[in-house]
>>> print(open('run12.pdb').read())   # PDB, C-alpha atoms
ATOM      1  CA  MET M 518      85.671 107.835 108.256  1.00  0.00           C
ATOM      2  CA  ASN M 519      85.673 108.995 104.636  1.00  0.00           C
ATOM      3  CA  ARG M 520      88.758 111.211 104.302  1.00  0.00           C
ATOM      4  CA  LEU M 521      87.439 112.731 101.108  1.00  0.00           C
ATOM      5  CA  ALA M 522      84.381 113.910 103.065  1.00  0.00           C
ATOM      6  CA  LEU M 523      86.678 115.096 105.853  1.00  0.00           C
ATOM      7  CA  ALA M 524      88.380 117.499 103.451  1.00  0.00           C
ATOM      8  CA  ARG M 525      85.022 119.114 102.693  1.00  0.00           C
ATOM      9  CA  ASP M 526      84.439 119.880 106.356  1.00  0.00           C
ATOM     10  CA  ILE M 527      87.465 119.671 108.615  1.00  0.00           C
ATOM     11  CA  SER M 528      86.136 122.220 111.109  1.00  0.00           C
ATOM     12  CA  GLY M 529      84.988 119.444 113.435  1.00  0.00           C
ATOM     13  CA  LEU M 530      88.519 118.085 113.855  1.00  0.00           C
ATOM     14  CA  ALA M 531      90.633 121.188 113.269  1.00  0.00           C
ATOM     15  CA  THR M 532      90.528 122.154 116.952  1.00  0.00           C
ATOM     16  CA  VAL M 533      90.309 118.676 118.504  1.00  0.00           C
ATOM     17  CA  PRO M 534      93.427 117.917 120.572  1.00  0.00           C
ATOM     18  CA  GLY M 535      95.672 115.079 119.529  1.00  0.00           C
ATOM     19  CA  VAL M 536      96.804 112.119 121.598  1.00  0.00           C
ATOM     20  CA  GLU M 537     100.205 112.279 123.248  1.00  0.00           C
ATOM     21  CA  THR M 538     102.569 109.361 122.789  1.00  0.00           C
ATOM     22  CA  SER M 539     106.306 108.795 122.535  1.00  0.00           C
ATOM     23  CA  VAL M 540     108.576 107.030 120.067  1.00  0.00           C
ATOM     24  CA  HIS M 541     111.884 105.757 121.430  1.00  0.00           C
ATOM     25  CA  GLY M 542     111.612 108.308 124.230  1.00  0.00           C
ATOM     26  CA  ILE M 543     110.749 111.238 121.920  1.00  0.00           C
ATOM     27  CA  ALA M 544     107.487 113.038 122.707  1.00  0.00           C
ATOM     28  CA  ALA M 545     104.954 113.060 119.869  1.00  0.00           C
ATOM     29  CA  VAL M 546     101.337 114.004 119.218  1.00  0.00           C
ATOM     30  CA  CYS M 547      99.057 111.904 116.994  1.00  0.00           C
ATOM     31  CA  ASP M 548      96.779 114.447 115.327  1.00  0.00           C
ATOM     32  CA  PRO M 549      93.187 113.452 114.444  1.00  0.00           C
ATOM     33  CA  LEU M 550      93.758 114.692 110.887  1.00  0.00           C
ATOM     34  CA  GLY M 551      96.395 111.976 110.405  1.00  0.00           C
ATOM     35  CA  ALA M 552      99.702 113.796 110.998  1.00  0.00           C
ATOM     36  CA  LEU M 553     102.324 113.297 113.706  1.00  0.00           C
ATOM     37  CA  TYR M 554     103.874 116.292 115.470  1.00  0.00           C
ATOM     38  CA  LEU M 555     107.135 116.248 117.438  1.00  0.00           C
ATOM     39  CA  PRO M 556     106.896 119.375 119.598  1.00  0.00           C
ATOM     40  CA  ASP M 557     110.506 119.468 120.813  1.00  0.00           C
ATOM     41  CA  ALA M 558     111.807 119.461 117.230  1.00  0.00           C
ATOM     42  CA  GLY M 559     108.981 121.493 115.670  1.00  0.00           C
ATOM     43  CA  LEU M 560     108.633 118.658 113.165  1.00  0.00           C
ATOM     44  CA  LEU M 561     105.436 117.580 111.411  1.00  0.00           C
ATOM     45  CA  VAL M 562     105.236 114.147 109.756  1.00  0.00           C
ATOM     46  CA  VAL M 563     102.742 112.966 107.149  1.00  0.00           C
ATOM     47  CA  SER M 564     102.854 109.837 105.026  1.00  0.00           C
ATOM     48  CA  ASP M 565     101.482 108.413 101.791  1.00  0.00           C
ATOM     49  CA  LEU M 566      99.868 111.545 100.374  1.00  0.00           C
ATOM     50  CA  HIS M 567      99.441 109.787  97.013  1.00  0.00           C
ATOM     51  CA  LEU M 568      98.900 113.151  95.317  1.00  0.00           C
ATOM     52  CA  GLU M 569      97.542 113.018  91.758  1.00  0.00           C
ATOM     53  CA  LYS M 570      96.197 109.492  92.245  1.00  0.00           C
ATOM     54  CA  GLY M 571      93.158 110.315  90.132  1.00  0.00           C
ATOM     55  CA  ALA M 572      95.397 111.691  87.377  1.00  0.00           C
ATOM     56  CA  ALA M 573      97.615 108.597  87.502  1.00  0.00           C
ATOM     57  CA  PHE M 574      94.603 106.334  87.021  1.00  0.00           C
ATOM     58  CA  ALA M 575      93.317 108.550  84.210  1.00  0.00           C
ATOM     59  CA  ARG M 576      96.635 108.119  82.392  1.00  0.00           C
ATOM     60  CA  ARG M 577      95.891 104.390  82.443  1.00  0.00           C
ATOM     61  CA  GLY M 578      92.377 104.872  81.120  1.00  0.00           C
ATOM     62  CA  MET M 579      90.638 104.396  84.490  1.00  0.00           C
ATOM     63  CA  MET M 580      88.595 107.423  85.453  1.00  0.00           C
ATOM     64  CA  LEU M 581      88.315 108.403  89.124  1.00  0.00           C
ATOM     65  CA  PRO M 582      86.809 111.578  90.583  1.00  0.00           C
ATOM     66  CA  PRO M 583      89.534 114.251  90.083  1.00  0.00           C
ATOM     67  CA  TYR M 584      89.224 115.742  93.572  1.00  0.00           C
ATOM     68  CA  ASP M 585      91.861 113.854  95.534  1.00  0.00           C
ATOM     69  CA  THR M 586      94.829 116.234  95.247  1.00  0.00           C
ATOM     70  CA  LEU M 587      92.914 119.333  96.302  1.00  0.00           C
ATOM     71  CA  ALA M 588      91.233 117.441  99.134  1.00  0.00           C
ATOM     72  CA  THR M 589      94.520 116.048 100.468  1.00  0.00           C
ATOM     73  CA  LEU M 590      96.239 119.440 100.240  1.00  0.00           C
ATOM     74  CA  THR M 591      93.291 121.053 102.046  1.00  0.00           C
ATOM     75  CA  VAL M 592      93.719 118.703 105.008  1.00  0.00           C
ATOM     76  CA  LEU M 593      97.494 119.176 104.906  1.00  0.00           C
ATOM     77  CA  ALA M 594      97.133 122.958 104.967  1.00  0.00           C
ATOM     78  CA  ALA M 595      94.873 122.684 108.015  1.00  0.00           C
ATOM     79  CA  VAL M 596      97.331 120.597 109.999  1.00  0.00           C
ATOM     80  CA  ILE M 597     100.270 122.843 109.030  1.00  0.00           C
ATOM     81  CA  SER M 598      98.274 125.869 110.142  1.00  0.00           C
ATOM     82  CA  ARG M 599      97.562 124.152 113.453  1.00  0.00           C
ATOM     83  CA  TYR M 600     101.195 123.462 114.393  1.00  0.00           C
ATOM     84  CA  ASP M 601     103.211 125.945 112.282  1.00  0.00           C
ATOM     85  CA  PRO M 602     106.129 123.463 112.141  1.00  0.00           C
ATOM     86  CA  LYS M 603     109.743 124.334 111.403  1.00  0.00           C
ATOM     87  CA  LEU M 604     110.132 121.187 109.336  1.00  0.00           C
ATOM     88  CA  VAL M 605     107.680 119.017 107.388  1.00  0.00           C
ATOM     89  CA  VAL M 606     108.644 115.440 106.521  1.00  0.00           C
ATOM     90  CA  SER M 607     106.520 113.526 104.017  1.00  0.00           C
ATOM     91  CA  LEU M 608     107.283 109.815 104.266  1.00  0.00           C
ATOM     92  CA  GLY M 609     107.123 108.657 100.673  1.00  0.00           C
ATOM     93  CA  ASP M 610     104.485 107.847  98.098  1.00  0.00           C
ATOM     94  CA  ASN M 611     104.091 111.591  98.035  1.00  0.00           C
ATOM     95  CA  PHE M 612     102.764 111.181  94.483  1.00  0.00           C
ATOM     96  CA  HIS M 613     100.954 108.158  93.146  1.00  0.00           C
ATOM     97  CA  ASP M 614     103.399 107.585  90.289  1.00  0.00           C
ATOM     98  CA  ARG M 615     106.833 108.631  89.052  1.00  0.00           C
ATOM     99  CA  ILE M 616     105.610 111.555  86.929  1.00  0.00           C
ATOM    100  CA  GLY M 617     102.983 112.951  89.280  1.00  0.00           C
ATOM    101  CA  SER M 618     105.068 115.869  90.545  1.00  0.00           C
ATOM    102  CA  LYS M 619     106.261 116.761  87.042  1.00  0.00           C
ATOM    103  CA  HIS M 620     102.687 117.059  85.785  1.00  0.00           C
ATOM    104  CA  LEU M 621     101.229 118.642  88.929  1.00  0.00           C
ATOM    105  CA  PRO M 622      98.865 121.479  87.917  1.00  0.00           C
ATOM    106  CA  GLU M 623     100.198 124.925  88.731  1.00  0.00           C
ATOM    107  CA  ASN M 624      97.380 125.777  91.157  1.00  0.00           C
ATOM    108  CA  PHE M 625      98.281 122.759  93.313  1.00  0.00           C
ATOM    109  CA  ARG M 626     101.980 123.529  93.004  1.00  0.00           C
ATOM    110  CA  ALA M 627     101.262 127.044  94.280  1.00  0.00           C
ATOM    111  CA  LEU M 628      99.436 125.611  97.322  1.00  0.00           C
ATOM    112  CA  ILE M 629     102.481 123.515  98.256  1.00  0.00           C
ATOM    113  CA  VAL M 630     104.834 126.467  97.726  1.00  0.00           C
ATOM    114  CA  GLU M 631     102.711 128.558 100.094  1.00  0.00           C
ATOM    115  CA  MET M 632     102.618 125.811 102.742  1.00  0.00           C
ATOM    116  CA  ALA M 633     106.405 125.424 102.555  1.00  0.00           C
ATOM    117  CA  ARG M 634     107.114 129.142 102.855  1.00  0.00           C
ATOM    118  CA  GLY M 635     109.361 129.867 105.868  1.00  0.00           C
ATOM    119  CA  ARG M 636     109.989 126.209 106.769  1.00  0.00           C
ATOM    120  CA  GLU M 637     112.087 123.248 105.674  1.00  0.00           C
ATOM    121  CA  TRP M 638     110.480 120.398 103.758  1.00  0.00           C
ATOM    122  CA  ILE M 639     111.816 116.878 103.229  1.00  0.00           C
ATOM    123  CA  TRP M 640     110.266 114.468 100.730  1.00  0.00           C
ATOM    124  CA  ILE M 641     111.171 110.860 101.510  1.00  0.00           C
ATOM    125  CA  ASN M 642     111.177 108.745  98.355  1.00  0.00           C
ATOM    126  CA  GLY M 643     108.607 105.936  98.218  1.00  0.00           C
ATOM    127  CA  ASN M 644     107.989 102.907  96.049  1.00  0.00           C
ATOM    128  CA  HIS M 645     105.430 104.843  93.969  1.00  0.00           C
ATOM    129  CA  ASP M 646     107.731 107.859  93.495  1.00  0.00           C
ATOM    130  CA  PRO M 647     111.335 106.610  93.878  1.00  0.00           C
ATOM    131  CA  ASP M 648     112.813 109.387  91.720  1.00  0.00           C
ATOM    132  CA  GLY M 649     111.875 112.253  94.017  1.00  0.00           C
ATOM    133  CA  ILE M 650     109.969 115.444  93.290  1.00  0.00           C
ATOM    134  CA  VAL M 651     110.172 117.986  90.456  1.00  0.00           C
ATOM    135  CA  ASP M 652     110.007 121.779  90.867  1.00  0.00           C
ATOM    136  CA  LEU M 653     108.696 121.755  94.422  1.00  0.00           C
ATOM    137  CA  PRO M 654     110.200 123.280  97.581  1.00  0.00           C
ATOM    138  CA  GLY M 655     112.367 121.072  99.730  1.00  0.00           C
ATOM    139  CA  ALA M 656     114.720 118.163  99.204  1.00  0.00           C
ATOM    140  CA  SER M 657     114.276 114.472  98.408  1.00  0.00           C
ATOM    141  CA  THR M 658     116.053 111.615 100.166  1.00  0.00           C
ATOM    142  CA  ASP M 659     115.609 107.896 100.743  1.00  0.00           C
ATOM    143  CA  GLU M 660     115.627 108.255 104.520  1.00  0.00           C
ATOM    144  CA  MET M 661     116.419 110.801 107.185  1.00  0.00           C
ATOM    145  CA  HIS M 662     117.980 110.602 110.630  1.00  0.00           C
ATOM    146  CA  TYR M 663     116.867 113.495 112.806  1.00  0.00           C
ATOM    147  CA  ALA M 664     116.084 114.223 116.469  1.00  0.00           C
ATOM    148  CA  GLY M 665     117.135 110.712 117.506  1.00  0.00           C
ATOM    149  CA  LEU M 666     114.716 109.052 115.067  1.00  0.00           C
ATOM    150  CA  THR M 667     114.864 107.462 111.615  1.00  0.00           C
ATOM    151  CA  PHE M 668     112.307 108.483 109.000  1.00  0.00           C
ATOM    152  CA  ARG M 669     111.778 106.190 106.013  1.00  0.00           C
ATOM    153  CA  HIS M 670     108.981 105.038 103.726  1.00  0.00           C
ATOM    154  CA  GLU M 671     108.960 101.272 104.213  1.00  0.00           C
ATOM    155  CA  PRO M 672     109.383  99.807 107.691  1.00  0.00           C
ATOM    156  CA  ARG M 673     112.391  97.551 108.138  1.00  0.00           C
ATOM    157  CA  ASN M 674     111.828  93.983 109.287  1.00  0.00           C
ATOM    158  CA  GLY M 675     112.196  93.219 112.957  1.00  0.00           C
ATOM    159  CA  LEU M 676     111.900  95.531 115.944  1.00  0.00           C
ATOM    160  CA  GLN M 677     113.398  98.857 114.809  1.00  0.00           C
ATOM    161  CA  LYS M 678     113.854 101.307 117.660  1.00  0.00           C
ATOM    162  CA  GLY M 679     113.238 104.926 116.736  1.00  0.00           C
ATOM    163  CA  GLU M 680     111.760 104.238 113.298  1.00  0.00           C
ATOM    164  CA  ILE M 681     108.853 106.288 111.922  1.00  0.00           C
ATOM    165  CA  SER M 682     107.581 104.951 108.615  1.00  0.00           C
ATOM    166  CA  GLY M 683     104.550 104.573 106.377  1.00  0.00           C
ATOM    167  CA  HIS M 684     103.873 102.431 103.285  1.00  0.00           C
ATOM    168  CA  LEU M 685     101.546  99.854 104.882  1.00  0.00           C
ATOM    169  CA  HIS M 686      98.576 102.224 105.471  1.00  0.00           C
ATOM    170  CA  PRO M 687      97.710 100.705 108.876  1.00  0.00           C
ATOM    171  CA  SER M 688      94.083 100.407 109.917  1.00  0.00           C
ATOM    172  CA  ALA M 689      92.298  98.674 112.762  1.00  0.00           C
ATOM    173  CA  THR M 690      88.830  97.318 113.437  1.00  0.00           C
ATOM    174  CA  VAL M 691      86.834  97.415 116.666  1.00  0.00           C
ATOM    175  CA  ARG M 692      83.293  96.438 117.494  1.00  0.00           C
ATOM    176  CA  ARG M 693      80.983  99.307 118.400  1.00  0.00           C
ATOM    177  CA  ARG M 694      77.606  98.239 119.698  1.00  0.00           C
ATOM    178  CA  ASP M 695      76.279  95.816 117.086  1.00  0.00           C
ATOM    179  CA  LYS M 696      78.616  96.635 114.222  1.00  0.00           C
ATOM    180  CA  SER M 697      82.299  96.702 113.374  1.00  0.00           C
ATOM    181  CA  VAL M 698      84.081  99.996 112.779  1.00  0.00           C
ATOM    182  CA  ARG M 699      87.296 100.188 110.776  1.00  0.00           C
ATOM    183  CA  ARG M 700      89.536 103.247 110.813  1.00  0.00           C
ATOM    184  CA  PRO M 701      93.010 104.308 109.675  1.00  0.00           C
ATOM    185  CA  CYS M 702      95.367 104.410 112.626  1.00  0.00           C
ATOM    186  CA  PHE M 703      98.755 105.258 114.009  1.00  0.00           C
ATOM    187  CA  ALA M 704     100.376 102.067 115.330  1.00  0.00           C
ATOM    188  CA  THR M 705     103.089 102.173 117.967  1.00  0.00           C
ATOM    189  CA  ASP M 706     104.611  99.976 120.636  1.00  0.00           C
ATOM    190  CA  GLY M 707     106.705 102.851 121.988  1.00  0.00           C
ATOM    191  CA  ALA M 708     109.817 101.782 120.076  1.00  0.00           C
ATOM    192  CA  ARG M 709     108.637 102.553 116.527  1.00  0.00           C
ATOM    193  CA  LEU M 710     105.581 104.145 114.920  1.00  0.00           C
ATOM    194  CA  LEU M 711     103.749 103.343 111.709  1.00  0.00           C
ATOM    195  CA  MET M 712     101.873 106.242 110.140  1.00  0.00           C
ATOM    196  CA  PRO M 713      98.374 106.154 108.638  1.00  0.00           C
ATOM    197  CA  ALA M 714      98.017 107.105 104.992  1.00  0.00           C
ATOM    198  CA  PHE M 715      97.263 110.822 104.699  1.00  0.00           C
ATOM    199  CA  GLY M 716      95.919 110.753 101.122  1.00  0.00           C
ATOM    200  CA  VAL M 717      92.146 110.966 100.979  1.00  0.00           C
ATOM    201  CA  MET M 718      91.800 108.102  98.471  1.00  0.00           C
ATOM    202  CA  SER M 719      94.204 105.675 100.150  1.00  0.00           C
ATOM    203  CA  GLY M 720      93.021 102.332 101.499  1.00  0.00           C
ATOM    204  CA  GLY M 721      94.175 100.575 104.647  1.00  0.00           C
ATOM    205  CA  LEU M 722      95.816  97.315 105.729  1.00  0.00           C
ATOM    206  CA  ASP M 723      94.667  95.733 108.973  1.00  0.00           C
ATOM    207  CA  LEU M 724      97.189  95.502 111.801  1.00  0.00           C
ATOM    208  CA  GLY M 725      96.574  91.760 111.926  1.00  0.00           C
ATOM    209  CA  HIS M 726      97.737  91.305 108.319  1.00  0.00           C
ATOM    210  CA  GLN M 727     100.766  89.141 107.629  1.00  0.00           C
ATOM    211  CA  ALA M 728     102.709  92.200 106.394  1.00  0.00           C
ATOM    212  CA  MET M 729     102.586  93.626 109.952  1.00  0.00           C
ATOM    213  CA  HIS M 730     103.970  90.510 111.638  1.00  0.00           C
ATOM    214  CA  GLY M 731     107.234  91.015 113.464  1.00  0.00           C
ATOM    215  CA  LEU M 732     107.135  94.812 113.334  1.00  0.00           C
ATOM    216  CA  PHE M 733     105.862  95.378 116.867  1.00  0.00           C
ATOM    217  CA  ASP M 734     105.909  94.016 120.372  1.00  0.00           C
ATOM    218  CA  ARG M 735     102.201  93.206 120.315  1.00  0.00           C
ATOM    219  CA  GLY M 736     101.992  93.204 124.089  1.00  0.00           C
ATOM    220  CA  SER M 737     102.800  96.941 123.992  1.00  0.00           C
ATOM    221  CA  LEU M 738     101.147  97.786 120.651  1.00  0.00           C
ATOM    222  CA  ILE M 739      98.475 100.495 120.648  1.00  0.00           C
ATOM    223  CA  ALA M 740      96.390 101.616 117.692  1.00  0.00           C
ATOM    224  CA  HIS M 741      95.419 105.292 117.711  1.00  0.00           C
ATOM    225  CA  LEU M 742      92.362 105.232 115.436  1.00  0.00           C
ATOM    226  CA  LEU M 743      91.236 108.303 113.498  1.00  0.00           C
ATOM    227  CA  GLY M 744      87.620 108.742 114.590  1.00  0.00           C
ATOM    228  CA  ARG M 745      84.925 111.096 113.387  1.00  0.00           C
ATOM    229  CA  ASP M 746      85.291 113.357 116.406  1.00  0.00           C
ATOM    230  CA  ARG M 747      88.559 112.364 118.118  1.00  0.00           C
ATOM    231  CA  ILE M 748      91.343 109.791 118.246  1.00  0.00           C
ATOM    232  CA  TYR M 749      90.510 106.515 119.970  1.00  0.00           C
ATOM    233  CA  SER M 750      93.410 104.600 121.501  1.00  0.00           C
ATOM    234  CA  VAL M 751      92.949 100.836 121.668  1.00  0.00           C
ATOM    235  CA  ARG M 752      95.371  98.141 122.751  1.00  0.00           C
ATOM    236  CA  TYR M 753      96.132  95.567 120.094  1.00  0.00           C
ATOM    237  CA  GLY M 754      94.638  92.752 122.149  1.00  0.00           C
ATOM    238  CA  ASN M 755      91.283  94.555 122.189  1.00  0.00           C
ATOM    239  CA  LEU M 756      91.063  94.986 118.433  1.00  0.00           C
ATOM    240  CA  ARG M 757      88.691  92.838 116.470  1.00  0.00           C
ATOM    241  CA  GLY M 758      90.620  90.150 114.666  1.00  0.00           C
ATOM    242  CA  SER M 759      93.614  90.236 117.028  1.00  0.00           C
ATOM    243  CA  ALA M 760      94.887  87.058 118.568  1.00  0.00           C
ATOM    244  CA  THR M 761      93.159  87.784 121.884  1.00  0.00           C
ATOM    245  CA  THR M 762      89.887  89.324 123.003  1.00  0.00           C
ATOM    246  CA  ARG M 763      87.687  91.730 121.096  1.00  0.00           C
ATOM    247  CA  CYS M 764      86.727  95.230 122.139  1.00  0.00           C
ATOM    248  CA  ALA M 765      83.133  95.515 123.340  1.00  0.00           C
ATOM    249  CA  ALA M 766      82.803  99.294 123.001  1.00  0.00           C
ATOM    250  CA  TYR M 767      84.723 101.545 120.638  1.00  0.00           C
ATOM    251  CA  PRO M 768      85.805 104.468 122.866  1.00  0.00           C
ATOM    252  CA  SER M 769      86.364 102.553 126.088  1.00  0.00           C
ATOM    253  CA  ALA M 770      89.734 100.880 125.666  1.00  0.00           C
ATOM    254  CA  HIS M 771      92.236 103.631 126.375  1.00  0.00           C
ATOM    255  CA  PRO M 772      95.731 102.664 127.559  1.00  0.00           C
TER     256      PRO M 772
END
>>> encode(input="run12.pdb", output="structure tokens")
Amino acid sequence: MNRLALARDISGLATVPGVETSVHGIAAVCDPLGALYLPDAGLLVVSDLHLEKGAAFARRGMMLPPYDTLATLTVLAAVISRYDPKLVVSLGDNFHDRIGSKHLPENFRALIVEMARGREWIWINGNHDPDGIVDLPGASTDEMHYAGLTFRHEPRNGLQKGEISGHLHPSATVRRRDKSVRRPCFATDGARLLMPAFGVMSGGLDLGHQAMHGLFDRGSLIAHLLGRDRIYSVRYGNLRGSATTRCAAYPSAHP
């Protein structure tokens, strides 16, 4: 799914229900737009917005289409409207470089101010933006402990109970009919959860990649893939490229 195209027409997913899961015993909803909602805490989580990515590349002399920030904020506004959360947590790499928030155009700054009105907002610092945000609502921190969970940008090594993180931009591949389909995904074994990248111009790293090794109990690992019309939940062993069997049909492997 092209997330840049999604931002141009999110009506198809704006009313599609999410998939219920739990992280360390805490109820959560994986939303098809790429956010996680914790209903008991009224908390909405997004990760790796990479705002102003096009502008960051332009500063280096590499021109990209300058539509990414507006597109990402459009999807973010839709998911905030859907849940009306008390608290929004953005899990790092909120901006694509250290000076992105300082140079954010005023029209985009106004959109964030409006989304934050009447709610708390926490910006977790990431490796792309370790110095925090400038002149935006909310507070910056390296990690947050809240509602029995730990929110940070980069996942810690080993099995971390109660951790919700981003950074790795997880994706997964399944076989659908005669072709392979790759999608961003939520990845969880019930103990921790790894968020998909929310930014519309962010790539993905396959769950079978070496960087993912040791993060999950793969016998319990489920990928919740962001589909064109819903979320598809597939056990790790049924993903193409996993250590076991491959999935024969994309929507059929629900837990």
>>> residues_near_point(input="run12.pdb", point="(90.2, 100.0, 109.6)", cutoff="9 Å", atoms="all atoms listed in the file", output="ChimeraX atom specification")
/M:687-691,698-702,720-724,742
>>> residues_around(input="run12.pdb", residues="M:His567", least_positions_apart="4", cutoff="9 Å", atoms="all atoms listed in the file", output="CSV table (one decimal) with C-alpha atoms, in the coordinates of the input")
chain,number,residue,atom,x,y,z
M,585,ASP,CA,91.9,113.9,95.5
M,586,THR,CA,94.8,116.2,95.2
M,589,THR,CA,94.5,116.0,100.5
M,609,GLY,CA,107.1,108.7,100.7
M,610,ASP,CA,104.5,107.8,98.1
M,611,ASN,CA,104.1,111.6,98.0
M,612,PHE,CA,102.8,111.2,94.5
M,613,HIS,CA,101.0,108.2,93.1
M,614,ASP,CA,103.4,107.6,90.3
M,645,HIS,CA,105.4,104.8,94.0
M,714,ALA,CA,98.0,107.1,105.0
M,715,PHE,CA,97.3,110.8,104.7
M,716,GLY,CA,95.9,110.8,101.1
M,717,VAL,CA,92.1,111.0,101.0
M,718,MET,CA,91.8,108.1,98.5
M,719,SER,CA,94.2,105.7,100.2
>>> resolve_selection(input="run12.pdb", expression="the PyMOL selection byres ((chain M and resi 625-639) around 6)", output="list in words")
Lys603, Leu604, Val605, Val606, Pro622, Glu623, Asn624, Trp640, Gly655, Ala656 and Ser657 of chain M
>>> write_last_selection(input="run12.pdb", atoms="C-alpha atoms", output="PDB file, in the coordinates of the input")
ATOM      1  CA  LYS M 603     109.743 124.334 111.403  1.00  0.00           C
ATOM      2  CA  LEU M 604     110.132 121.187 109.336  1.00  0.00           C
ATOM      3  CA  VAL M 605     107.680 119.017 107.388  1.00  0.00           C
ATOM      4  CA  VAL M 606     108.644 115.440 106.521  1.00  0.00           C
ATOM      5  CA  PRO M 622      98.865 121.479  87.917  1.00  0.00           C
ATOM      6  CA  GLU M 623     100.198 124.925  88.731  1.00  0.00           C
ATOM      7  CA  ASN M 624      97.380 125.777  91.157  1.00  0.00           C
ATOM      8  CA  TRP M 640     110.266 114.468 100.730  1.00  0.00           C
ATOM      9  CA  GLY M 655     112.367 121.072  99.730  1.00  0.00           C
ATOM     10  CA  ALA M 656     114.720 118.163  99.204  1.00  0.00           C
ATOM     11  CA  SER M 657     114.276 114.472  98.408  1.00  0.00           C
TER      12      SER M 657
END
>>> atom_distance(input="run12.pdb", atom1="atom CA of M:Gly649", atom2="atom CA of M:Ile543")
27.9 Å
>>> resolve_selection(input="run12.pdb", expression="the PyMOL selection byres ((chain M and resi 682) around 9)", output="list in words")
Ser564, Leu608, Gly609, Thr667, Phe668, Arg669, His670, Glu671, Pro672, Arg673, Glu680, Ile681, Gly683, His684, Leu685, Arg709, Leu710, Leu711 and Met712 of chain M
>>> resolve_selection(input="run12.pdb", expression="the PyMOL selection byres ((chain M and resi 544) around 12)", output="list in words")
Val536, Glu537, Thr538, Ser539, Val540, His541, Gly542, Ile543, Ala545, Val546, Cys547, Leu553, Tyr554, Leu555, Pro556, Asp557, Ala558, Gly559, Leu560, Ala664, Gly665, Leu666, Gly679, Gly707, Ala708 and Leu710 of chain M
>>> atom_distance(input="run12.pdb", atom1="atom CA of M:Leu738", atom2="atom CA of M:Arg752")
6.2 Å
>>> atom_distance(input="run12.pdb", atom1="atom CA of M:Ile527", atom2="atom CA of M:Lys696")
25.3 Å
>>> axis_aligned_box(input="run12.pdb", around="stretch 617-629 of chain M", padding_each_side="6 Å", output="lines of an AutoDock Vina configuration file")
center_x = 101.8
center_y = 120.0
center_z = 92.0
size_x = 20.9
size_y = 26.1
size_z = 24.5
>>> closest_residue(input="run12.pdb", among="M:Ala740, M:Gly535, M:Leu593, M:Leu653", to="M:Leu523", atoms="all atoms listed in the file")
M:Leu593
>>> closest_residue(input="run12.pdb", among="M:Ala704, M:Leu621, M:Val562, M:Ala588", to="M:Ile641", atoms="only C-alpha atoms")
M:Val562
>>> closest_residue(input="run12.pdb", among="M:Phe703, M:Phe733, M:Tyr749, M:Tyr600", to="M:Gly551", atoms="all atoms listed in the file")
M:Phe703
